[in-house]
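Peer 1: My structure is below; once you've seen it, I'll send some questions.
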Protein chains: 2
Amino acid sequence: MHYPKAFSSLLPLFIPSAVACFYSHKTYSVYSLSTTMASTVTPTPILKDELDIVIPTIRNLDFLEMWRPFFQPYHLIIVQDGDPSKVIKVPEGFDYELYNRNDINRILGPKASCISFKDSACRCFGYMVSKKKYVFTIDDDCFVAKDPSGNDINALEQHIKNLLSPSTPFFFNTLYDPYREGTDFVRGYPFSLREGVPTAVSHGLWLNIPDYDAPTQLVKPRERNTRFVDAVLTIPKGTLFPMCGMNLAFDRELIGPAMYFGLMGDGQPIGRYDDMWAGWCMKVICDHMGWGVKTGLPYIWHSKASNPFVNLKKEYKGIYWQEELIPFFQAATLPKECTTVQSCYKELAKQVKAKLGKVDDYFNKLADAMLTWIEAWDELNPSGKIANGK
Amino acid sequence: MHYPKAFSSLLPLFIPSAVACFYSHKTYSVYSLSTTMASTVTPTPILKDELDIVIPTIRNLDFLEMWRPFFQPYHLIIVQDGDPSKVIKVPEGFDYELYNRNDINRILGPKASCISFKDSACRCFGYMVSKKKYVFTIDDDCFVAKDPSGNDINALEQHIKNLLSPSTPFFFNTLYDPYREGTDFVRGYPFSLREGVPTAVSHGLWLNIPDYDAPTQLVKPRERNTRFVDAVLTIPKGTLFPMCGMNLAFDRELIGPAMYFGLMGDGQPIGRYDDMWAGWCMKVICDHMGWGVKTGLPYIWHSKASNPFVNLKKEYKGIYWQEELIPFFQAATLPKECTTVQSCYKELAKQVKAKLGKVDDYFNKLADAMLTWIEAWDELNPSGKIANGK
C-alpha cells in the first residue's frame with residue numbers, strides 16, 4: 001500500500017548501471033542489486049536517460065561548474081534568450097543542445113510567436129523539444145545550497161524523489177509527505193487515500209534571496225531566507241499557489257503540455273508572471289486529472305536579487321490583473337470530457353478568452369497563444385507518446 | 001497591511017506587566033515599552049489572564065513539573081476522567097480548578113450525557129467551563145521538546161503566536177506562514193489576500209512518538225519522529241486534516257462551541273476519534289465562517305505510545321466508518337443563514353443525522369449529543385460573550 005521505504009536507501013541517487021530502474025505510477029517499485037554487487041559496477045544516476053535539465057539564459061553558463069557533480073551525467077537543453085548572435089559558453093564536459101531565437105523560429109515557423117522573447121518564459125520551448133519523461137528547470141543565478149549540517153544539497157535528487165513518490169492532494173497529512181523515510185500517515189488519515197496519486201510537479205524553494213515581488217523587494221531589500229524547512233508537502237486539491245520557475249521539476253509525460261509559460265517580455269505588457277500563469281493553469285488541470293503537486297524541498301541558493309525597479313515595471317499590470325485572475329482560476333472547472341492534458345488546456349484557453357478577454361485584450365492574445373502552443377507541442381510530439389528509453 | 005513583525009521581538013513571551021497587550025482580530029497590534037523601561041518592571045506572560053490550560057487525566061500530574069517555567073503563570077482546568085473518588089495530585093504552586101465525573105454530572109445535570117467517560121474526549125468539558133478567550137489543551141504524557149539547537153521549546157508561546165497572527169486559507173504561500181519573522185508573501189501572492197483572516201485553531205505536532213493509528217503502530221512499533229520541521233502553515237480552505245488533541249490551542253471565543261469531542265469511550269462503540277471528529281466539524285465551520293486553522297510548530301515531546309492492541313479495539317469501527325465520514329465532511333456545506341458557530345454546529349448535527357444515521361445508529365446518538373452540547377454550552381456561557389478580562 002505504501003511507497004516502499006526501501007527506495008530511499010538507494011540514495012544518494014546512484015544505483016548500479018547494470019540495474020534497470022523500473023517504476024511506474026502504478027507500482028512505485030525500484031529494484032536494486034545487493035550492496036556487494038553494487039560495489040563492482042559503475043554507478044549510474046537515477047533517471048539519467050529519462051530527464052532533461054532545461055536552462056534559459058543570456059550569459060555564459062559558469063554556474064554549471066558548481067553543479068557539475070550533480071548535473072554532468074544528465075543532458076541539458078539550453079534556451080538562449082536575447083541576441084542570437086551572442087555565443088554562450090558552456091563549461092567543458094556537459095552534454096547539451098542549445099537553441100537560440102533563430103533556432104526557435106526555424107523549428108516552429110509561424111508558431112514561434114507563442115514563445116516569449118527577452119523573458120525567461122522562453123524556457124518552455126525546452127520542455128517542448130525535450131524527448132524525455134521528466135524535466136528539471138533551473139535559473140542560471142541559482143547555486144548549490146547547503147543543508148543545516150553543512151552538506152551540499154543535491155536538488156535534482158530530491159526533485160526525483162518527489163516525482164517518484166505519490167502525492168496526497170485529497171487530505172492533509174500533518175507530518176507532511178507520508179512517503180518520506182521516518183514518517184507515515186497519522187491517525188485519522190483515511191486508509192482508502194493512502195496509496196496517493198501520481199506526482200506531476202515538484203516545486204523547490206530558495207535560500208538566501210527569496211522570490212519576492214517588486215513591492216516587497218522595495219520594502220524589504222535586505223531580507224534573506226535563512227530558514228531551512230525540512231518538509232515536502234502536497235498542495236491540496238482546489239488550492240492555488242505561486243509556482244516559481246527557478247527550481248522546478250515535472251513529469252513531462254503527464255503534465256508537459258500544460259507547462260506553457262505564456263507571453264511575457266518583449267512586446268508584451270507584463271513580465272514575471274510566466275511561471276505563475278503556468279502554475280495556475282497546471283494546478284487546475286492536475287486537480288481535474290487527479291494528479292499531485294508537491295512543494296518544499298529541495299532548496300537551491302538564489303544568489304542575486306533582480307532589480308526591483310525593473311521588476312516593478314514588468315509586474316505592475318500583473319499585480320492588478322491578478323486580482324481577477326485568481327478568482328477566475330479558483331472557479332475554473334473542466335468538463336469530464338476533457339481526459340487529456342491537451343484537451344484540458346484548450347478548454348482553459350477558451351475560458352480565458354471568454355472570461356478574461358474583457359479584463360484586457362492581452363488575454364485574448366494569450367488565449368490564442370495557448371492554442372498555438374498546444375499545436376506546436378503536438379507537432380513536435382506527434383505520437384502523443386514520449387521516447388523515454390522505456 | 002502586514003502583521004507587524006516587531007511582535008516577535010517581544011518574545012520569549014514576557015512583556016512588562018505595566019504594558020497593556022492590546023490585540024484584536026482586526027488590527028493585530030501589540031504595544032511594548034522600550035527595552036530600557038522593560039528591565040525595570042516585572043514581566044507578565046502574554047495572555048496570562050486570557051488563556052486556560054485544559055488537561056484531561058486519570059493520574060497525578062507530575063508531568064507539570066517539567067512545564068512549570070511555562071505553565072505556572074496560567075490557570076489550569078483539570079478534567080479528571082475515570083473513578084471520581086481517586087485523588088489526583090497536582091504539584092504545588094499551580095493555580096487550578098479540577099472537575100471529576102461527579103462535578104460534571106452536578107453541573108450539567110441530564111446534559112452530562114454529552115460528555116464522554118473513560119476517554120480523553122472528556123476534556124471538552126473544560127472548554128465549556130472556561131471563562132477565557134483562549135484555550136490550550138495538552139495530554140499528560142507530553143513533555144517539553146527541544147529545538148535543533150537544544151533549547152527547550154515553549155509550546156504555549158508558539159501557540160499564542162500562531163493564534164495572534166492571521167491565517168491565509170485562500171491561497172498557499174510557499175514560504176509557509178508569511179507573518180513569521182524573516183519571511184513574507186512570495187511573488188504571485190494576491191495583494192488583496194495579504195491581510196489574512198483570524199486564526200481560530202493552532203495545531204501543534206509531536207516529536208518522539210508520532211500520532212499513529214493502531215495498524216500503523218503495529219506495523220512500525222519502533223518508528224519515532226525525529227524530524228523538526230521549522231514551519232507553521234495554514235490548512236487551505238476546503239481541505240480536511242486529522243486534528244490531534246494532544247497539543248492544541250484555539251480561540252474559544254471564535255470557535256469554542258465547535259470543539260466538541262463527541263461520544264467516545266465508556267458505553268460507546270468507538271474511541272480515539274474524538275479529536276478527529278472535532279477537527280472535521282471545526283474545519284467545515286471555519287471554512288464557512290472565513291477563519292483559519294494553522295498546523296506545524298510547536299512540537300511537544302510525546303513520551304509514550306499507547307497500547308496498539310487496545311487502540312485497535314477502540315478504533316476499528318472508526319477506521320471503516322471514516323471512509324463514509326470524510327466524503328460527508330468534504331461535501332458538507334452550511335447555508336449562509338448560519339452566522340454563528342452555534343447555528344453552524346446545529347445545522348451540521350442535522351446533516352449528521354440525515355446522512356450518517358444510516359451508516360450506524362451511533363451517529364443518530366452522536367447528532368443528538370451535538371445538540372445537547374450546544375445547549376449546555378449556551379447554558380454555561382449565557383451571554384454569548386466571554387469574560388476575558390477585556
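A note on labels: chains of the C-alpha cells are A, B, ... as shown, every chain counts residues from 1, and ligands are counted from 1 in their shown order.
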Return as a count of residues only the residues belonging to chain B that are within 8 Å of chain A, counting only C-alpha atoms.

Peer 2: 48

Peer 1: Using only C-alpha atoms, which residues sit within 9 Å of range 100-113 of chain A once same-chain residues fewer than 5 positions away are excluded, as an MDAnalysis selection string?

Peer 2: chainID A and resid 78:85 125 263 369 372:373 375:376 380

Peer 1: Would you pick out the contacts of range 132-144 of chain B at 6 Å or less, using only C-alpha atoms, so that residues sharing its chain but fewer than 4 positions from it are not included, and give the list as a PDB file with N, CA, C and O atoms, in the first residue's frame?

Peer 2:
```
ATOM      1  N   GLU B  50      -6.039  35.507  29.954  1.00  0.00           N
ATOM      2  CA  GLU B  50      -6.999  35.263  28.875  1.00  0.00           C
ATOM      3  C   GLU B  50      -6.879  33.877  28.283  1.00  0.00           C
ATOM      4  O   GLU B  50      -7.415  33.604  27.216  1.00  0.00           O
ATOM      5  N   LEU B  51      -6.147  33.018  28.968  1.00  0.00           N
ATOM      6  CA  LEU B  51      -5.958  31.669  28.435  1.00  0.00           C
ATOM      7  C   LEU B  51      -6.007  30.651  29.562  1.00  0.00           C
ATOM      8  O   LEU B  51      -5.377  30.846  30.608  1.00  0.00           O
ATOM      9  N   ASP B  52      -6.750  29.583  29.340  1.00  0.00           N
ATOM     10  CA  ASP B  52      -6.773  28.452  30.267  1.00  0.00           C
ATOM     11  C   ASP B  52      -6.081  27.254  29.628  1.00  0.00           C
ATOM     12  O   ASP B  52      -6.198  27.046  28.416  1.00  0.00           O
ATOM     13  N   ILE B  53      -5.396  26.498  30.471  1.00  0.00           N
ATOM     14  CA  ILE B  53      -4.789  25.240  30.003  1.00  0.00           C
ATOM     15  C   ILE B  53      -5.677  24.092  30.472  1.00  0.00           C
ATOM     16  O   ILE B  53      -5.899  23.941  31.678  1.00  0.00           O
ATOM     17  N   VAL B  54      -6.195  23.324  29.537  1.00  0.00           N
ATOM     18  CA  VAL B  54      -7.126  22.233  29.856  1.00  0.00           C
ATOM     19  C   VAL B  54      -6.398  20.897  29.742  1.00  0.00           C
ATOM     20  O   VAL B  54      -5.807  20.593  28.697  1.00  0.00           O
ATOM     21  N   ILE B  55      -6.448  20.126  30.815  1.00  0.00           N
ATOM     22  CA  ILE B  55      -5.728  18.847  30.868  1.00  0.00           C
ATOM     23  C   ILE B  55      -6.680  17.741  31.305  1.00  0.00           C
ATOM     24  O   ILE B  55      -7.194  17.769  32.427  1.00  0.00           O
ATOM     25  N   MET B 246      -3.703  16.304  21.335  1.00  0.00           N
ATOM     26  CA  MET B 246      -2.600  16.199  22.300  1.00  0.00           C
ATOM     27  C   MET B 246      -1.947  17.529  22.618  1.00  0.00           C
ATOM     28  O   MET B 246      -1.396  17.725  23.698  1.00  0.00           O
ATOM     29  N   ASN B 247      -1.924  18.428  21.635  1.00  0.00           N
ATOM     30  CA  ASN B 247      -1.119  19.657  21.703  1.00  0.00           C
ATOM     31  C   ASN B 247      -1.810  20.680  20.810  1.00  0.00           C
ATOM     32  O   ASN B 247      -1.435  20.860  19.667  1.00  0.00           O
ATOM     33  N   LEU B 248      -2.827  21.303  21.385  1.00  0.00           N
ATOM     34  CA  LEU B 248      -3.793  22.039  20.565  1.00  0.00           C
ATOM     35  C   LEU B 248      -4.226  23.312  21.274  1.00  0.00           C
ATOM     36  O   LEU B 248      -4.473  23.300  22.472  1.00  0.00           O
ATOM     37  N   ALA B 249      -4.321  24.387  20.541  1.00  0.00           N
ATOM     38  CA  ALA B 249      -4.817  25.637  21.124  1.00  0.00           C
ATOM     39  C   ALA B 249      -5.864  26.228  20.198  1.00  0.00           C
ATOM     40  O   ALA B 249      -5.841  25.987  18.988  1.00  0.00           O
ATOM     41  N   PHE B 250      -6.789  26.987  20.783  1.00  0.00           N
ATOM     42  CA  PHE B 250      -7.798  27.609  19.925  1.00  0.00           C
ATOM     43  C   PHE B 250      -8.358  28.859  20.573  1.00  0.00           C
ATOM     44  O   PHE B 250      -8.195  29.085  21.776  1.00  0.00           O
ATOM     45  N   ASP B 251      -8.961  29.662  19.731  1.00  0.00           N
ATOM     46  CA  ASP B 251      -9.639  30.860  20.178  1.00  0.00           C
ATOM     47  C   ASP B 251     -11.049  30.433  20.565  1.00  0.00           C
ATOM     48  O   ASP B 251     -11.913  30.253  19.709  1.00  0.00           O
ATOM     49  N   ARG B 252     -11.247  30.288  21.870  1.00  0.00           N
ATOM     50  CA  ARG B 252     -12.514  29.775  22.373  1.00  0.00           C
ATOM     51  C   ARG B 252     -13.668  30.712  22.039  1.00  0.00           C
ATOM     52  O   ARG B 252     -14.799  30.271  21.814  1.00  0.00           O
ATOM     53  N   GLU B 253     -13.367  32.006  22.009  1.00  0.00           N
ATOM     54  CA  GLU B 253     -14.413  32.978  21.723  1.00  0.00           C
ATOM     55  C   GLU B 253     -14.910  32.819  20.282  1.00  0.00           C
ATOM     56  O   GLU B 253     -16.080  32.980  19.991  1.00  0.00           O
ATOM     57  N   ILE B 300       5.755  19.218  20.897  1.00  0.00           N
ATOM     58  CA  ILE B 300       5.956  18.726  22.262  1.00  0.00           C
ATOM     59  C   ILE B 300       6.662  17.371  22.147  1.00  0.00           C
ATOM     60  O   ILE B 300       6.748  16.807  21.043  1.00  0.00           O
ATOM     61  N   TRP B 301       7.164  16.851  23.265  1.00  0.00           N
ATOM     62  CA  TRP B 301       7.795  15.535  23.295  1.00  0.00           C
ATOM     63  C   TRP B 301       6.765  14.531  23.777  1.00  0.00           C
ATOM     64  O   TRP B 301       6.367  14.573  24.938  1.00  0.00           O
ATOM     65  N   HIS B 302       6.311  13.680  22.875  1.00  0.00           N
ATOM     66  CA  HIS B 302       5.307  12.690  23.243  1.00  0.00           C
ATOM     67  C   HIS B 302       6.037  11.455  23.756  1.00  0.00           C
ATOM     68  O   HIS B 302       6.719  10.776  22.999  1.00  0.00           O
ATOM     69  N   SER B 303       5.837  11.157  25.056  1.00  0.00           N
ATOM     70  CA  SER B 303       6.740  10.213  25.710  1.00  0.00           C
ATOM     71  C   SER B 303       6.405   8.758  25.478  1.00  0.00           C
ATOM     72  O   SER B 303       7.287   7.910  25.457  1.00  0.00           O
ATOM     73  N   ASN B 388     -13.334  37.837  29.310  1.00  0.00           N
ATOM     74  CA  ASN B 388     -11.919  37.569  29.019  1.00  0.00           C
ATOM     75  C   ASN B 388     -11.017  38.692  29.496  1.00  0.00           C
ATOM     76  O   ASN B 388      -9.901  38.850  29.016  1.00  0.00           O
TER      77      ASN B 388
END
```

Peer 1: Just the residues within 10 Å of Lys353 in chain A, please, counting only C-alpha atoms, with nothing from its chain fewer than 4 positions along; format it as a short mmCIF file (atom, residue, chain, number, x, y, z; two decimals) with all heavy atoms, in the first residue's frame.

Peer 2:
```
data_model
loop_
_atom_site.label_atom_id
_atom_site.label_comp_id
_atom_site.auth_asym_id
_atom_site.auth_seq_id
_atom_site.Cartn_x
_atom_site.Cartn_y
_atom_site.Cartn_z
N LEU A 348 -9.31 25.39 -21.27
CA LEU A 348 -8.93 26.50 -20.39
C LEU A 348 -8.67 27.76 -21.23
O LEU A 348 -9.06 28.87 -20.84
CB LEU A 348 -7.68 26.10 -19.60
CG LEU A 348 -7.39 26.82 -18.28
CD1 LEU A 348 -8.59 26.80 -17.34
CD2 LEU A 348 -6.19 26.15 -17.58
N ALA A 349 -8.02 27.59 -22.38
CA ALA A 349 -7.77 28.73 -23.27
C ALA A 349 -9.09 29.39 -23.68
O ALA A 349 -9.22 30.61 -23.71
CB ALA A 349 -6.99 28.28 -24.50
N GLY A 357 -10.83 37.98 -21.38
CA GLY A 357 -10.68 38.88 -22.52
C GLY A 357 -11.17 40.29 -22.21
O GLY A 357 -10.61 41.28 -22.67
N LYS A 358 -12.19 40.35 -21.36
CA LYS A 358 -12.75 41.68 -21.04
C LYS A 358 -11.89 42.44 -20.03
O LYS A 358 -12.03 43.66 -19.89
CB LYS A 358 -14.19 41.55 -20.56
CG LYS A 358 -14.35 40.70 -19.32
CD LYS A 358 -15.83 40.39 -19.03
CE LYS A 358 -15.93 39.42 -17.87
NZ LYS A 358 -16.93 38.40 -18.02
N VAL A 359 -11.03 41.73 -19.31
CA VAL A 359 -10.10 42.42 -18.39
C VAL A 359 -9.09 43.24 -19.20
O VAL A 359 -8.83 44.41 -18.91
CB VAL A 359 -9.35 41.40 -17.48
CG1 VAL A 359 -8.26 42.08 -16.66
CG2 VAL A 359 -10.34 40.67 -16.59
N ASP A 360 -8.54 42.59 -20.24
CA ASP A 360 -7.61 43.29 -21.14
C ASP A 360 -7.47 42.45 -22.40
O ASP A 360 -7.52 41.21 -22.34
CB ASP A 360 -6.24 43.45 -20.47
CG ASP A 360 -5.37 44.46 -21.23
OD1 ASP A 360 -4.75 44.06 -22.25
OD2 ASP A 360 -5.33 45.63 -20.81
N ASP A 361 -7.29 43.14 -23.52
CA ASP A 361 -7.17 42.43 -24.79
C ASP A 361 -5.97 41.48 -24.78
O ASP A 361 -5.92 40.51 -25.54
CB ASP A 361 -7.06 43.44 -25.94
CG ASP A 361 -7.20 42.76 -27.29
OD1 ASP A 361 -8.11 41.92 -27.44
OD2 ASP A 361 -6.36 43.02 -28.18
N TYR A 362 -5.00 41.76 -23.91
CA TYR A 362 -3.84 40.88 -23.77
C TYR A 362 -4.27 39.42 -23.58
O TYR A 362 -3.63 38.50 -24.09
CB TYR A 362 -2.98 41.35 -22.59
CG TYR A 362 -1.94 40.34 -22.14
CD1 TYR A 362 -0.80 40.09 -22.89
CD2 TYR A 362 -2.11 39.64 -20.94
CE1 TYR A 362 0.14 39.16 -22.48
CE2 TYR A 362 -1.16 38.71 -20.52
CZ TYR A 362 -0.04 38.48 -21.29
OH TYR A 362 0.90 37.57 -20.88
N PHE A 363 -5.35 39.21 -22.82
CA PHE A 363 -5.76 37.83 -22.53
C PHE A 363 -6.36 37.13 -23.75
O PHE A 363 -6.33 35.90 -23.84
CB PHE A 363 -6.68 37.79 -21.31
CG PHE A 363 -5.95 38.18 -20.05
CD1 PHE A 363 -6.05 39.46 -19.53
CD2 PHE A 363 -5.10 37.27 -19.43
CE1 PHE A 363 -5.34 39.83 -18.39
CE2 PHE A 363 -4.39 37.63 -18.29
CZ PHE A 363 -4.50 38.92 -17.77
N ASN A 364 -6.87 37.92 -24.70
CA ASN A 364 -7.29 37.31 -25.97
C ASN A 364 -6.07 36.79 -26.74
O ASN A 364 -6.08 35.67 -27.26
CB ASN A 364 -8.05 38.33 -26.83
CG ASN A 364 -9.41 38.64 -26.23
OD1 ASN A 364 -10.13 37.74 -25.79
ND2 ASN A 364 -9.76 39.93 -26.19
N LYS A 365 -5.02 37.62 -26.75
CA LYS A 365 -3.77 37.20 -27.40
C LYS A 365 -3.18 35.99 -26.71
O LYS A 365 -2.69 35.04 -27.34
CB LYS A 365 -2.74 38.34 -27.33
CG LYS A 365 -2.83 39.37 -28.45
CD LYS A 365 -1.95 40.58 -28.16
CE LYS A 365 -0.47 40.26 -27.97
NZ LYS A 365 0.30 41.42 -27.47
N LEU A 366 -3.21 36.04 -25.38
CA LEU A 366 -2.64 34.93 -24.60
C LEU A 366 -3.42 33.64 -24.87
O LEU A 366 -2.83 32.56 -25.03
CB LEU A 366 -2.65 35.30 -23.10
CG LEU A 366 -2.10 34.28 -22.13
CD1 LEU A 366 -0.70 33.82 -22.50
CD2 LEU A 366 -2.08 34.85 -20.70
N ALA A 367 -4.74 33.76 -24.92
CA ALA A 367 -5.57 32.57 -25.18
C ALA A 367 -5.23 31.97 -26.55
O ALA A 367 -5.12 30.74 -26.70
CB ALA A 367 -7.05 32.93 -25.09
N ASP A 368 -5.02 32.84 -27.54
CA ASP A 368 -4.63 32.35 -28.87
C ASP A 368 -3.26 31.67 -28.81
O ASP A 368 -3.04 30.62 -29.42
CB ASP A 368 -4.58 33.52 -29.87
CG ASP A 368 -5.97 34.04 -30.20
OD1 ASP A 368 -6.95 33.27 -30.02
OD2 ASP A 368 -6.09 35.20 -30.62
#
```

Peer 1: Find the spatial neighbours of range 155-162 of chain B, counting only C-alpha atoms, within a cut-off of 6 Å - ignore same-chain residues fewer than 2 positions away - and output them as number ranges by chain.

Peer 2: B: 13, 153, 164-165, 202, 298

Peer 1: Residues of range 65-266 of chain A in helix (DSSP H, G or I) according to DSSP, as an MDAnalysis selection string?

Peer 2: chainID A and resid 65:71 101:114 120:129 155:164 191:193 214:219 252:258

Peer 1: Which residues come within 9 Å of Pro73 in chain A, counting only C-alpha atoms, excluding same-chain residues fewer than 6 positions away, as a count of residues only?

Peer 2: 5

Peer 1: Residues of range 60-256 of chain B classed as strand (DSSP E) by DSSP on the backbone are to be reported as a short mmCIF file (atom, residue, chain, number, x, y, z; two decimals) with N, CA and C atoms, in the first residue's frame.

Peer 2:
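Ended up saving to selection-v8.cif:
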```cif
data_model
loop_
_atom_site.label_atom_id
_atom_site.label_comp_id
_atom_site.auth_asym_id
_atom_site.auth_seq_id
_atom_site.Cartn_x
_atom_site.Cartn_y
_atom_site.Cartn_z
N HIS B 75 -3.74 29.67 34.45
CA HIS B 75 -4.75 28.92 35.17
C HIS B 75 -4.98 27.58 34.46
N LEU B 76 -5.07 26.50 35.26
CA LEU B 76 -5.31 25.17 34.68
C LEU B 76 -6.74 24.71 34.95
N ILE B 77 -7.31 24.05 33.99
CA ILE B 77 -8.58 23.35 34.21
C ILE B 77 -8.31 21.87 34.00
N ILE B 78 -8.43 21.12 35.09
CA ILE B 78 -8.12 19.69 35.03
C ILE B 78 -9.43 18.92 34.99
N VAL B 79 -9.58 18.08 33.98
CA VAL B 79 -10.77 17.25 33.88
C VAL B 79 -10.36 15.83 34.23
N GLN B 80 -10.81 15.39 35.42
CA GLN B 80 -10.42 14.06 35.89
C GLN B 80 -11.34 13.02 35.30
N ASP B 95 -2.05 27.10 39.82
CA ASP B 95 -3.39 27.62 40.04
C ASP B 95 -4.35 26.80 39.20
N TYR B 96 -5.27 26.07 39.85
CA TYR B 96 -6.12 25.19 39.04
C TYR B 96 -7.51 25.01 39.62
N GLU B 97 -8.41 24.56 38.76
CA GLU B 97 -9.68 24.01 39.20
C GLU B 97 -9.76 22.60 38.63
N LEU B 98 -10.39 21.69 39.39
CA LEU B 98 -10.44 20.29 38.95
C LEU B 98 -11.89 19.81 38.96
N TYR B 99 -12.25 19.13 37.90
CA TYR B 99 -13.60 18.58 37.80
C TYR B 99 -13.52 17.06 37.61
N TYR B 134 -8.99 32.17 25.22
CA TYR B 134 -8.17 31.15 24.55
C TYR B 134 -8.06 29.90 25.41
N VAL B 135 -7.91 28.78 24.76
CA VAL B 135 -7.67 27.51 25.45
C VAL B 135 -6.47 26.82 24.82
N PHE B 136 -5.62 26.27 25.69
CA PHE B 136 -4.56 25.37 25.23
C PHE B 136 -4.82 24.04 25.92
N THR B 137 -4.83 22.95 25.16
CA THR B 137 -5.04 21.65 25.79
C THR B 137 -3.87 20.73 25.46
N ILE B 138 -3.48 19.95 26.46
CA ILE B 138 -2.29 19.10 26.31
C ILE B 138 -2.52 17.81 27.08
N CYS B 142 2.77 14.31 27.59
CA CYS B 142 3.51 15.19 26.68
C CYS B 142 4.47 16.07 27.47
N PHE B 143 5.71 16.09 27.07
CA PHE B 143 6.74 16.82 27.80
C PHE B 143 7.34 17.90 26.91
N THR B 199 -7.24 33.69 13.05
CA THR B 199 -6.85 32.29 13.27
C THR B 199 -7.68 31.73 14.41
N ALA B 200 -8.38 30.63 14.13
CA ALA B 200 -9.23 30.03 15.15
C ALA B 200 -8.53 28.92 15.90
N VAL B 201 -7.66 28.18 15.20
CA VAL B 201 -7.07 26.97 15.80
C VAL B 201 -5.58 26.90 15.48
N SER B 202 -4.78 26.48 16.45
CA SER B 202 -3.36 26.22 16.26
C SER B 202 -3.08 24.77 16.65
N HIS B 203 -2.70 23.98 15.66
CA HIS B 203 -2.49 22.54 15.87
C HIS B 203 -1.00 22.25 15.93
N GLY B 204 -0.53 21.82 17.07
CA GLY B 204 0.90 21.54 17.24
C GLY B 204 1.22 20.07 17.03
N LEU B 205 2.48 19.79 16.84
CA LEU B 205 2.94 18.44 16.49
C LEU B 205 3.74 17.79 17.62
N TRP B 206 4.33 16.63 17.33
CA TRP B 206 4.91 15.78 18.35
C TRP B 206 6.23 15.22 17.88
N LEU B 207 7.25 15.38 18.69
CA LEU B 207 8.49 14.65 18.45
C LEU B 207 8.43 13.34 19.24
N ASN B 208 9.28 12.41 18.89
CA ASN B 208 9.37 11.09 19.51
C ASN B 208 8.24 10.19 19.04
N VAL B 232 5.13 26.75 10.21
CA VAL B 232 3.72 26.84 10.56
C VAL B 232 3.00 27.14 9.26
N LEU B 233 1.90 26.49 9.01
CA LEU B 233 1.18 26.82 7.79
C LEU B 233 -0.32 26.76 8.01
N THR B 234 -1.03 27.45 7.15
CA THR B 234 -2.49 27.43 7.21
C THR B 234 -3.00 26.28 6.37
N ASN B 247 -1.92 18.43 21.63
CA ASN B 247 -1.12 19.66 21.70
C ASN B 247 -1.81 20.68 20.81
N LEU B 248 -2.83 21.30 21.38
CA LEU B 248 -3.79 22.04 20.57
C LEU B 248 -4.23 23.31 21.27
N ALA B 249 -4.32 24.39 20.54
CA ALA B 249 -4.82 25.64 21.12
C ALA B 249 -5.86 26.23 20.20
N PHE B 250 -6.79 26.99 20.78
CA PHE B 250 -7.80 27.61 19.92
C PHE B 250 -8.36 28.86 20.57
N ASP B 251 -8.96 29.66 19.73
CA ASP B 251 -9.64 30.86 20.18
C ASP B 251 -11.05 30.43 20.56
#
```

Peer 1: Find the residue from B:Asn311, B:Ser343, B:Leu356, B:Lys283 that sits nearest to Pro327 in chain B; use only C-alpha atoms when measuring.

Peer 2: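 Counting only C-alpha atoms, the residue closest to Pro327 in chain B is B:Leu356.
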
Peer 1: If you count only C-alpha atoms, which residues fall within 8 Å of Phe261 in chain B, apart from same-chain ones fewer than 4 positions away, as an mmCIF file with N, CA and C atoms, in the first residue's frame?

Peer 2:
```
data_model
loop_
_atom_site.group_PDB
_atom_site.id
_atom_site.type_symbol
_atom_site.label_atom_id
_atom_site.label_comp_id
_atom_site.auth_asym_id
_atom_site.auth_seq_id
_atom_site.Cartn_x
_atom_site.Cartn_y
_atom_site.Cartn_z
ATOM 1 N N ALA B 121 -11.793 12.368 25.448
ATOM 2 C CA ALA B 121 -12.814 13.263 24.904
ATOM 3 C C ALA B 121 -13.452 14.116 25.997
ATOM 4 N N CYS B 122 -13.364 13.643 27.243
ATOM 5 C CA CYS B 122 -13.960 14.400 28.354
ATOM 6 C C CYS B 122 -13.342 15.780 28.494
ATOM 7 N N ARG B 123 -12.205 15.996 27.846
ATOM 8 C CA ARG B 123 -11.530 17.286 28.001
ATOM 9 C C ARG B 123 -12.400 18.453 27.561
ATOM 10 N N CYS B 124 -13.333 18.191 26.626
ATOM 11 C CA CYS B 124 -14.102 19.330 26.106
ATOM 12 C C CYS B 124 -15.002 19.929 27.173
ATOM 13 N N ASP B 274 -12.203 11.153 18.870
ATOM 14 C CA ASP B 274 -12.784 12.346 19.490
ATOM 15 C C ASP B 274 -12.233 13.640 18.886
ATOM 16 N N ASP B 275 -10.897 13.708 18.814
ATOM 17 C CA ASP B 275 -10.272 14.914 18.282
ATOM 18 C C ASP B 275 -10.473 15.015 16.767
ATOM 19 N N TRP B 277 -13.109 13.912 15.096
ATOM 20 C CA TRP B 277 -14.481 14.386 14.897
ATOM 21 C C TRP B 277 -14.542 15.903 15.082
ATOM 22 N N ALA B 278 -13.962 16.363 16.181
ATOM 23 C CA ALA B 278 -13.951 17.810 16.457
ATOM 24 C C ALA B 278 -13.251 18.556 15.324
#
```
